[in-house]
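Structure file final-v7.pdb (PDB, C-alpha atoms) follows.
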ATOM      1  CA  PRO N   1     -39.603  10.374 -24.686  1.00  0.00           C
ATOM      2  CA  TRP N   2     -39.378   9.814 -28.402  1.00  0.00           C
ATOM      3  CA  MET N   3     -36.539  12.339 -28.860  1.00  0.00           C
ATOM      4  CA  ASP N   4     -34.314  10.063 -26.770  1.00  0.00           C
ATOM      5  CA  VAL N   5     -35.078   7.256 -29.188  1.00  0.00           C
ATOM      6  CA  VAL N   6     -34.078   9.519 -32.098  1.00  0.00           C
ATOM      7  CA  THR N   7     -30.769  10.227 -30.348  1.00  0.00           C
ATOM      8  CA  GLU N   8     -30.192   6.496 -29.803  1.00  0.00           C
ATOM      9  CA  ALA N   9     -30.961   5.777 -33.457  1.00  0.00           C
ATOM     10  CA  ASN N  10     -28.451   8.425 -34.532  1.00  0.00           C
ATOM     11  CA  LYS N  11     -25.814   6.760 -32.333  1.00  0.00           C
ATOM     12  CA  ASP N  12     -26.648   3.465 -34.047  1.00  0.00           C
ATOM     13  CA  PHE N  13     -26.149   5.123 -37.436  1.00  0.00           C
ATOM     14  CA  GLU N  14     -22.700   6.268 -36.370  1.00  0.00           C
ATOM     15  CA  GLN N  15     -21.839   2.729 -35.238  1.00  0.00           C
ATOM     16  CA  ILE N  16     -23.067   1.350 -38.560  1.00  0.00           C
ATOM     17  CA  ARG N  17     -20.917   3.854 -40.473  1.00  0.00           C
ATOM     18  CA  GLU N  18     -17.867   2.875 -38.413  1.00  0.00           C
ATOM     19  CA  LYS N  19     -18.524  -0.837 -38.949  1.00  0.00           C
ATOM     20  CA  ILE N  20     -18.988  -0.319 -42.692  1.00  0.00           C
ATOM     21  CA  ALA N  21     -15.645   1.523 -42.840  1.00  0.00           C
ATOM     22  CA  GLN N  22     -13.974  -1.351 -40.948  1.00  0.00           C
ATOM     23  CA  LEU N  23     -15.632  -3.861 -43.238  1.00  0.00           C
ATOM     24  CA  GLU N  24     -14.460  -2.066 -46.351  1.00  0.00           C
ATOM     25  CA  LYS N  25     -10.868  -2.013 -45.088  1.00  0.00           C
ATOM     26  CA  LEU N  26     -10.979  -5.709 -44.221  1.00  0.00           C
ATOM     27  CA  GLN N  27     -12.506  -6.665 -47.549  1.00  0.00           C
ATOM     28  CA  ASN N  28      -9.868  -4.680 -49.431  1.00  0.00           C
ATOM     29  CA  LYS N  29      -7.153  -6.301 -47.322  1.00  0.00           C
ATOM     30  CA  ARG N  30      -8.615  -9.721 -48.059  1.00  0.00           C
ATOM     31  CA  LEU N  31      -8.700  -9.038 -51.789  1.00  0.00           C
ATOM     32  CA  ARG N  32      -5.083  -7.790 -51.797  1.00  0.00           C
ATOM     33  CA  ASP N  33      -3.911 -10.878 -49.914  1.00  0.00           C
ATOM     34  CA  VAL N  34      -3.816 -13.211 -52.889  1.00  0.00           C
ATOM     35  CA  PHE N  35      -1.585 -15.952 -51.564  1.00  0.00           C
ATOM     36  CA  SER N  36      -3.141 -16.777 -48.220  1.00  0.00           C
ATOM     37  CA  GLU N  37      -6.375 -18.582 -47.531  1.00  0.00           C
ATOM     38  CA  GLY N  38      -7.717 -15.489 -45.792  1.00  0.00           C
ATOM     39  CA  THR N  39      -9.575 -17.421 -43.128  1.00  0.00           C
ATOM     40  CA  GLU N  40      -8.710 -14.902 -40.405  1.00  0.00           C
ATOM     41  CA  ALA N  41      -9.917 -11.971 -42.503  1.00  0.00           C
ATOM     42  CA  GLU N  42     -13.027 -13.913 -43.499  1.00  0.00           C
ATOM     43  CA  GLY N  43     -13.839 -14.522 -39.844  1.00  0.00           C
ATOM     44  CA  GLU N  44     -13.463 -10.814 -39.060  1.00  0.00           C
ATOM     45  CA  ILE N  45     -15.564  -9.883 -42.085  1.00  0.00           C
ATOM     46  CA  GLU N  46     -18.292 -12.275 -41.013  1.00  0.00           C
ATOM     47  CA  SER N  47     -18.232 -10.892 -37.468  1.00  0.00           C
ATOM     48  CA  ILE N  48     -18.568  -7.300 -38.660  1.00  0.00           C
ATOM     49  CA  CYS N  49     -21.407  -8.271 -41.010  1.00  0.00           C
ATOM     50  CA  LYS N  50     -23.261  -9.858 -38.107  1.00  0.00           C
ATOM     51  CA  ASP N  51     -22.644  -6.744 -35.993  1.00  0.00           C
ATOM     52  CA  VAL N  52     -24.008  -4.467 -38.715  1.00  0.00           C
ATOM     53  CA  ALA N  53     -27.076  -6.668 -39.143  1.00  0.00           C
ATOM     54  CA  ALA N  54     -27.732  -6.639 -35.384  1.00  0.00           C
ATOM     55  CA  ILE N  55     -27.323  -2.873 -35.114  1.00  0.00           C
ATOM     56  CA  CYS N  56     -29.633  -2.379 -38.107  1.00  0.00           C
ATOM     57  CA  LYS N  57     -32.270  -4.584 -36.531  1.00  0.00           C
ATOM     58  CA  SER N  58     -31.990  -2.724 -33.219  1.00  0.00           C
ATOM     59  CA  CYS N  59     -32.213   0.617 -35.004  1.00  0.00           C
ATOM     60  CA  GLU N  60     -35.243  -0.574 -36.950  1.00  0.00           C
ATOM     61  CA  LYS N  61     -37.013  -1.365 -33.670  1.00  0.00           C
ATOM     62  CA  LYS N  62     -36.118   2.051 -32.288  1.00  0.00           C
ATOM     63  CA  ILE N  63     -37.565   3.745 -35.352  1.00  0.00           C
ATOM     64  CA  GLN N  64     -40.799   1.842 -34.832  1.00  0.00           C
ATOM     65  CA  GLN N  65     -40.878   2.891 -31.168  1.00  0.00           C
ATOM     66  CA  ILE N  66     -40.965   6.580 -32.052  1.00  0.00           C
ATOM     67  CA  GLN N  67     -44.630   6.246 -32.978  1.00  0.00           C
ATOM     68  CA  THR N  68     -45.582   4.839 -29.582  1.00  0.00           C
ATOM     69  CA  LYS N  69     -43.269   6.775 -27.236  1.00  0.00           C
ATOM     70  CA  GLY N  70     -45.112   9.688 -25.690  1.00  0.00           C
ATOM     71  CA  GLY N  71     -48.012   9.265 -28.078  1.00  0.00           C
ATOM     72  CA  ASP N  72     -50.816   9.439 -25.523  1.00  0.00           C
ATOM     73  CA  GLY N  73     -52.464  12.848 -25.561  1.00  0.00           C
ATOM     74  CA  ALA N  74     -49.817  14.298 -27.849  1.00  0.00           C
ATOM     75  CA  SER N  75     -50.645  17.304 -29.949  1.00  0.00           C
ATOM     76  CA  LYS N  76     -51.119  17.078 -33.675  1.00  0.00           C
ATOM     77  CA  HIS N  77     -47.883  19.018 -34.103  1.00  0.00           C
ATOM     78  CA  ASP N  78     -46.018  16.484 -31.932  1.00  0.00           C
ATOM     79  CA  HIS N  79     -47.507  13.631 -33.943  1.00  0.00           C
ATOM     80  CA  THR N  80     -46.411  15.286 -37.196  1.00  0.00           C
ATOM     81  CA  MET N  81     -42.893  15.758 -35.843  1.00  0.00           C
ATOM     82  CA  ARG N  82     -42.690  12.104 -34.754  1.00  0.00           C
ATOM     83  CA  VAL N  83     -43.843  10.883 -38.162  1.00  0.00           C
ATOM     84  CA  SER N  84     -41.361  13.184 -39.863  1.00  0.00           C
ATOM     85  CA  ALA N  85     -38.549  11.929 -37.632  1.00  0.00           C
ATOM     86  CA  GLN N  86     -39.521   8.336 -38.406  1.00  0.00           C
ATOM     87  CA  HIS N  87     -39.402   9.007 -42.142  1.00  0.00           C
ATOM     88  CA  ALA N  88     -36.005  10.685 -41.900  1.00  0.00           C
ATOM     89  CA  LEU N  89     -34.527   7.922 -39.758  1.00  0.00           C
ATOM     90  CA  ALA N  90     -35.977   5.167 -41.932  1.00  0.00           C
ATOM     91  CA  LYS N  91     -34.439   6.838 -44.995  1.00  0.00           C
ATOM     92  CA  GLN N  92     -31.035   7.049 -43.297  1.00  0.00           C
ATOM     93  CA  LEU N  93     -31.230   3.411 -42.283  1.00  0.00           C
ATOM     94  CA  GLN N  94     -32.249   2.423 -45.791  1.00  0.00           C
ATOM     95  CA  ASP N  95     -29.306   4.369 -47.260  1.00  0.00           C
ATOM     96  CA  LEU N  96     -26.835   2.758 -44.870  1.00  0.00           C
ATOM     97  CA  THR N  97     -28.262  -0.687 -45.554  1.00  0.00           C
ATOM     98  CA  SER N  98     -27.979  -0.092 -49.296  1.00  0.00           C
ATOM     99  CA  ARG N  99     -24.365   0.961 -48.872  1.00  0.00           C
ATOM    100  CA  PHE N 100     -23.690  -2.145 -46.782  1.00  0.00           C
ATOM    101  CA  ARG N 101     -25.421  -4.395 -49.304  1.00  0.00           C
ATOM    102  CA  GLY N 102     -23.490  -2.827 -52.183  1.00  0.00           C
ATOM    103  CA  LEU N 103     -20.210  -3.324 -50.378  1.00  0.00           C
ATOM    104  CA  GLN N 104     -21.033  -6.970 -49.708  1.00  0.00           C
ATOM    105  CA  LYS N 105     -22.134  -7.554 -53.292  1.00  0.00           C
ATOM    106  CA  LYS N 106     -18.968  -5.961 -54.676  1.00  0.00           C
ATOM    107  CA  HIS N 107     -16.793  -8.114 -52.408  1.00  0.00           C
ATOM    108  CA  LEU N 108     -18.663 -11.277 -53.338  1.00  0.00           C
ATOM    109  CA  ASN N 109     -18.356 -10.486 -57.055  1.00  0.00           C
ATOM    110  CA  GLU N 110     -14.605  -9.888 -56.680  1.00  0.00           C
ATOM    111  CA  LEU N 111     -14.176 -13.214 -54.896  1.00  0.00           C
ATOM    112  CA  ARG N 112     -16.174 -15.035 -57.553  1.00  0.00           C
ATOM    113  CA  LYS N 113     -14.231 -13.333 -60.332  1.00  0.00           C
ATOM    114  CA  ARG N 114     -10.953 -14.272 -58.670  1.00  0.00           C
ATOM    115  CA  GLN N 115     -12.094 -17.867 -58.275  1.00  0.00           C
ATOM    116  CA  GLN N 116     -13.113 -18.060 -61.934  1.00  0.00           C
ATOM    117  CA  ASN N 117      -9.805 -16.553 -63.065  1.00  0.00           C
ATOM    118  CA  SER N 118      -7.937 -19.014 -60.891  1.00  0.00           C
ATOM    119  CA  ALA N 119      -9.909 -21.923 -62.333  1.00  0.00           C
ATOM    120  CA  VAL N 120      -9.142 -20.758 -65.878  1.00  0.00           C
ATOM    121  CA  PHE N 121      -5.456 -20.430 -64.983  1.00  0.00           C
ATOM    122  CA  ASP N 122      -5.419 -23.909 -63.444  1.00  0.00           C
ATOM    123  CA  ASP N 123      -7.091 -25.364 -66.542  1.00  0.00           C
ATOM    124  CA  LYS N 124      -4.601 -23.688 -68.881  1.00  0.00           C
ATOM    125  CA  CYS N 125      -1.624 -24.761 -66.820  1.00  0.00           C
ATOM    126  CA  GLY N 126      -2.977 -28.252 -66.350  1.00  0.00           C
ATOM    127  CA  ALA N 127      -2.306 -27.975 -62.663  1.00  0.00           C
ATOM    128  CA  GLY N 128      -5.413 -29.879 -61.768  1.00  0.00           C
ATOM    129  CA  VAL N 129      -5.701 -27.948 -58.549  1.00  0.00           C
ATOM    130  CA  ASP N 130      -9.268 -27.899 -57.283  1.00  0.00           C
ATOM    131  CA  ASP N 131      -8.660 -25.228 -54.636  1.00  0.00           C
ATOM    132  CA  ALA N 132      -8.923 -21.765 -56.163  1.00  0.00           C
ATOM    133  CA  GLY N 133      -8.194 -20.133 -52.818  1.00  0.00           C
ATOM    134  CA  PHE N 134     -11.751 -20.332 -51.502  1.00  0.00           C
ATOM    135  CA  THR N 135     -13.534 -23.200 -49.932  1.00  0.00           C
ATOM    136  CA  SER N 136     -17.077 -23.990 -50.895  1.00  0.00           C
ATOM    137  CA  ALA N 137     -18.035 -23.165 -47.305  1.00  0.00           C
ATOM    138  CA  GLN N 138     -16.553 -19.672 -47.665  1.00  0.00           C
ATOM    139  CA  LEU N 139     -18.425 -19.085 -50.899  1.00  0.00           C
ATOM    140  CA  MET N 140     -21.631 -20.392 -49.329  1.00  0.00           C
ATOM    141  CA  GLU N 141     -21.143 -18.036 -46.355  1.00  0.00           C
ATOM    142  CA  LEU N 142     -20.720 -15.119 -48.733  1.00  0.00           C
ATOM    143  CA  GLY N 143     -23.880 -16.098 -50.559  1.00  0.00           C
ATOM    144  CA  GLU N 144     -25.753 -16.351 -47.264  1.00  0.00           C
ATOM    145  CA  ALA N 145     -24.442 -12.952 -46.193  1.00  0.00           C
ATOM    146  CA  GLU N 146     -25.650 -11.460 -49.456  1.00  0.00           C
ATOM    147  CA  ASP N 147     -29.094 -13.032 -48.916  1.00  0.00           C
ATOM    148  CA  LEU N 148     -29.187 -11.666 -45.360  1.00  0.00           C
ATOM    149  CA  VAL N 149     -28.387  -8.179 -46.574  1.00  0.00           C
ATOM    150  CA  GLN N 150     -31.052  -8.357 -49.288  1.00  0.00           C
ATOM    151  CA  ASN N 151     -33.652  -9.518 -46.752  1.00  0.00           C
ATOM    152  CA  ARG N 152     -32.682  -6.690 -44.402  1.00  0.00           C
ATOM    153  CA  SER N 153     -33.025  -4.183 -47.218  1.00  0.00           C
ATOM    154  CA  ARG N 154     -36.498  -5.488 -48.075  1.00  0.00           C
ATOM    155  CA  GLU N 155     -37.534  -5.230 -44.426  1.00  0.00           C
ATOM    156  CA  ILE N 156     -36.284  -1.667 -44.163  1.00  0.00           C
ATOM    157  CA  SER N 157     -38.023  -0.726 -47.400  1.00  0.00           C
ATOM    158  CA  ARG N 158     -41.228  -2.243 -46.030  1.00  0.00           C
ATOM    159  CA  ILE N 159     -40.910  -0.252 -42.815  1.00  0.00           C
ATOM    160  CA  ALA N 160     -40.107   2.932 -44.703  1.00  0.00           C
ATOM    161  CA  SER N 161     -43.220   2.484 -46.830  1.00  0.00           C
ATOM    162  CA  THR N 162     -45.458   1.960 -43.796  1.00  0.00           C
ATOM    163  CA  VAL N 163     -44.178   4.976 -41.895  1.00  0.00           C
TER     164      VAL N 163
END
Would you kindly transcribe this structure into structure tokens?
Amino acid sequence: PWMDVVTEANKDFEQIREKIAQLEKLQNKRLRDVFSEGTEAEGEIESICKDVAAICKSCEKKIQQIQTKGGDGASKHDHTMRVSAQHALAKQLQDLTSRFRGLQKKHLNELRKRQQNSAVFDDKCGAGVDDAGFTSAQLMELGEAEDLVQNRSREISRIASTV
């Protein structure tokens, strides 16, 4: 029944929280590691971001299922409880997605700031080095990740408003 779906969604929330904590540690590690290219950390960060996005999408589907699971012949009280559970779960998912998006945005801003500072340093020193520690592909991936997170947030907001 629908209560099983609520339990599954709560397990997803716990997974998302764990992934966000891992992501935050990796991003901090990446930012502290000034002298390496950070490609290994970037790969791990990207993998965790994809995992979080997939879990969010799965959780979103589960939240939508609550309305249809066990809905035939259900009492008005049961219907009210299902709607209430949907609202609560959608709010939790929205909060977690916002936290994830904020974390990604902060990381992206730090990388951009570091790249700009490096470019200024290179200009002042006359080093003529084009590589500020980040490839254009890495910066593009970060931008795409930020777009993905923003789209996910809009989708969750849309679902929350329809529930």
#### Entry: Chain and number of each residue from the PyMOL selection byres ((chain N and resi 89-92) around 8), as a list in words
Val6, Ala9, Phe13, Glu60, Ile63, Ala85, Gln86, His87, Ala88, Leu93, Gln94, Asp95, Leu96, Ile156, Ile159 and Ala160 of chain N
Go ahead and write the selection's residues with C-alpha atoms as a PDB file, in the frame of the given file.
ATOM      1  CA  VAL N   6     -34.078   9.519 -32.098  1.00  0.00           C
ATOM      2  CA  ALA N   9     -30.961   5.777 -33.457  1.00  0.00           C
ATOM      3  CA  PHE N  13     -26.149   5.123 -37.436  1.00  0.00           C
ATOM      4  CA  GLU N  60     -35.243  -0.574 -36.950  1.00  0.00           C
ATOM      5  CA  ILE N  63     -37.565   3.745 -35.352  1.00  0.00           C
ATOM      6  CA  ALA N  85     -38.549  11.929 -37.632  1.00  0.00           C
ATOM      7  CA  GLN N  86     -39.521   8.336 -38.406  1.00  0.00           C
ATOM      8  CA  HIS N  87     -39.402   9.007 -42.142  1.00  0.00           C
ATOM      9  CA  ALA N  88     -36.005  10.685 -41.900  1.00  0.00           C
ATOM     10  CA  LEU N  93     -31.230   3.411 -42.283  1.00  0.00           C
ATOM     11  CA  GLN N  94     -32.249   2.423 -45.791  1.00  0.00           C
ATOM     12  CA  ASP N  95     -29.306   4.369 -47.260  1.00  0.00           C
ATOM     13  CA  LEU N  96     -26.835   2.758 -44.870  1.00  0.00           C
ATOM     14  CA  ILE N 156     -36.284  -1.667 -44.163  1.00  0.00           C
ATOM     15  CA  ILE N 159     -40.910  -0.252 -42.815  1.00  0.00           C
ATOM     16  CA  ALA N 160     -40.107   2.932 -44.703  1.00  0.00           C
TER      17      ALA N 160
END
### Query
With only C-alpha atoms as the atoms that count, which of N:Glu8, N:Ser84, N:Gln27, N:His79 lies nearest to Asn109 in chain N?
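Ranking N:Glu8, N:Ser84, N:Gln27, N:His79 by distance to Asn109 in chain N, first place goes to N:Gln27.
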### Query
From the set N:Glu44, N:Asp78, N:Asp4, N:Glu155, which residue has the shortest atom-to-atom contact distance to Glu24 in chain N, counting only C-alpha atoms?
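Using only C-alpha atoms, the shortest distance to Glu24 in chain N belongs to N:Glu44.
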### Summary
CA of Val52 in chain N to CA of Ile66 in chain N measures 21.3 Å
### Result set, the PyMOL selection byres ((chain N and resi 18) around 12) on current file, as a PyMOL selection string
chain N and resi 11-17+19-25+48-49+51-52+55+96+100
### Query
Expanded to explicit residues, what is the PyMOL selection byres ((chain N and resi 148-150) around 12) for this file, as number ranges by chain?
N: 46, 49-50, 52-54, 56-57, 94, 96-105, 141-147, 151-157
#### Entry: Length of the CA of Ile45 in chain N to CA of Gln116 in chain N vector [Å]
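Taking CA of Ile45 in chain N and CA of Gln116 in chain N, their separation equals 21.6 Å.
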### Message
I need the residue nearest Gln115 in chain N from this list: N:Ala74, N:Met3, N:Leu31, N:Gln65. Use all atoms listed in the file for the distance.
### Response
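Counting all atoms listed in the file, the residue closest to Gln115 in chain N is N:Leu31.
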### Query
At what distance in Å, to one decimal, does CA of Thr68 in chain N lie from CA of Trp2 in chain N?
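Calculated distance between CA of Trp2 in chain N and CA of Thr68 in chain N is 8.0 Å.
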Taking all atoms of range 58-77 of chain N that the file lists and extending 4 Å past them on each side, where is the centre of the axis-aligned box and how long are its edges? Answer in Å to one decimal, as AutoDock Vina command-line options.
--center_x -42.2 --center_y 8.1 --center_z -31.2 --size_x 28.5 --size_y 29.7 --size_z 19.4
### Query
Which residue gives the smallest distance to Glu40 in chain N among N:Val83, N:Lys69, N:Val5, N:Leu26, with only C-alpha atoms counted?
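Under the stated criterion, the closest residue is N:Leu26.
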## Note on the structure
Using all atoms listed in the file, the shortest atom-to-atom distance to Ser58 in chain N among N:Asn10, N:Glu110, N:Leu139, N:Arg30 belongs to N:Asn10
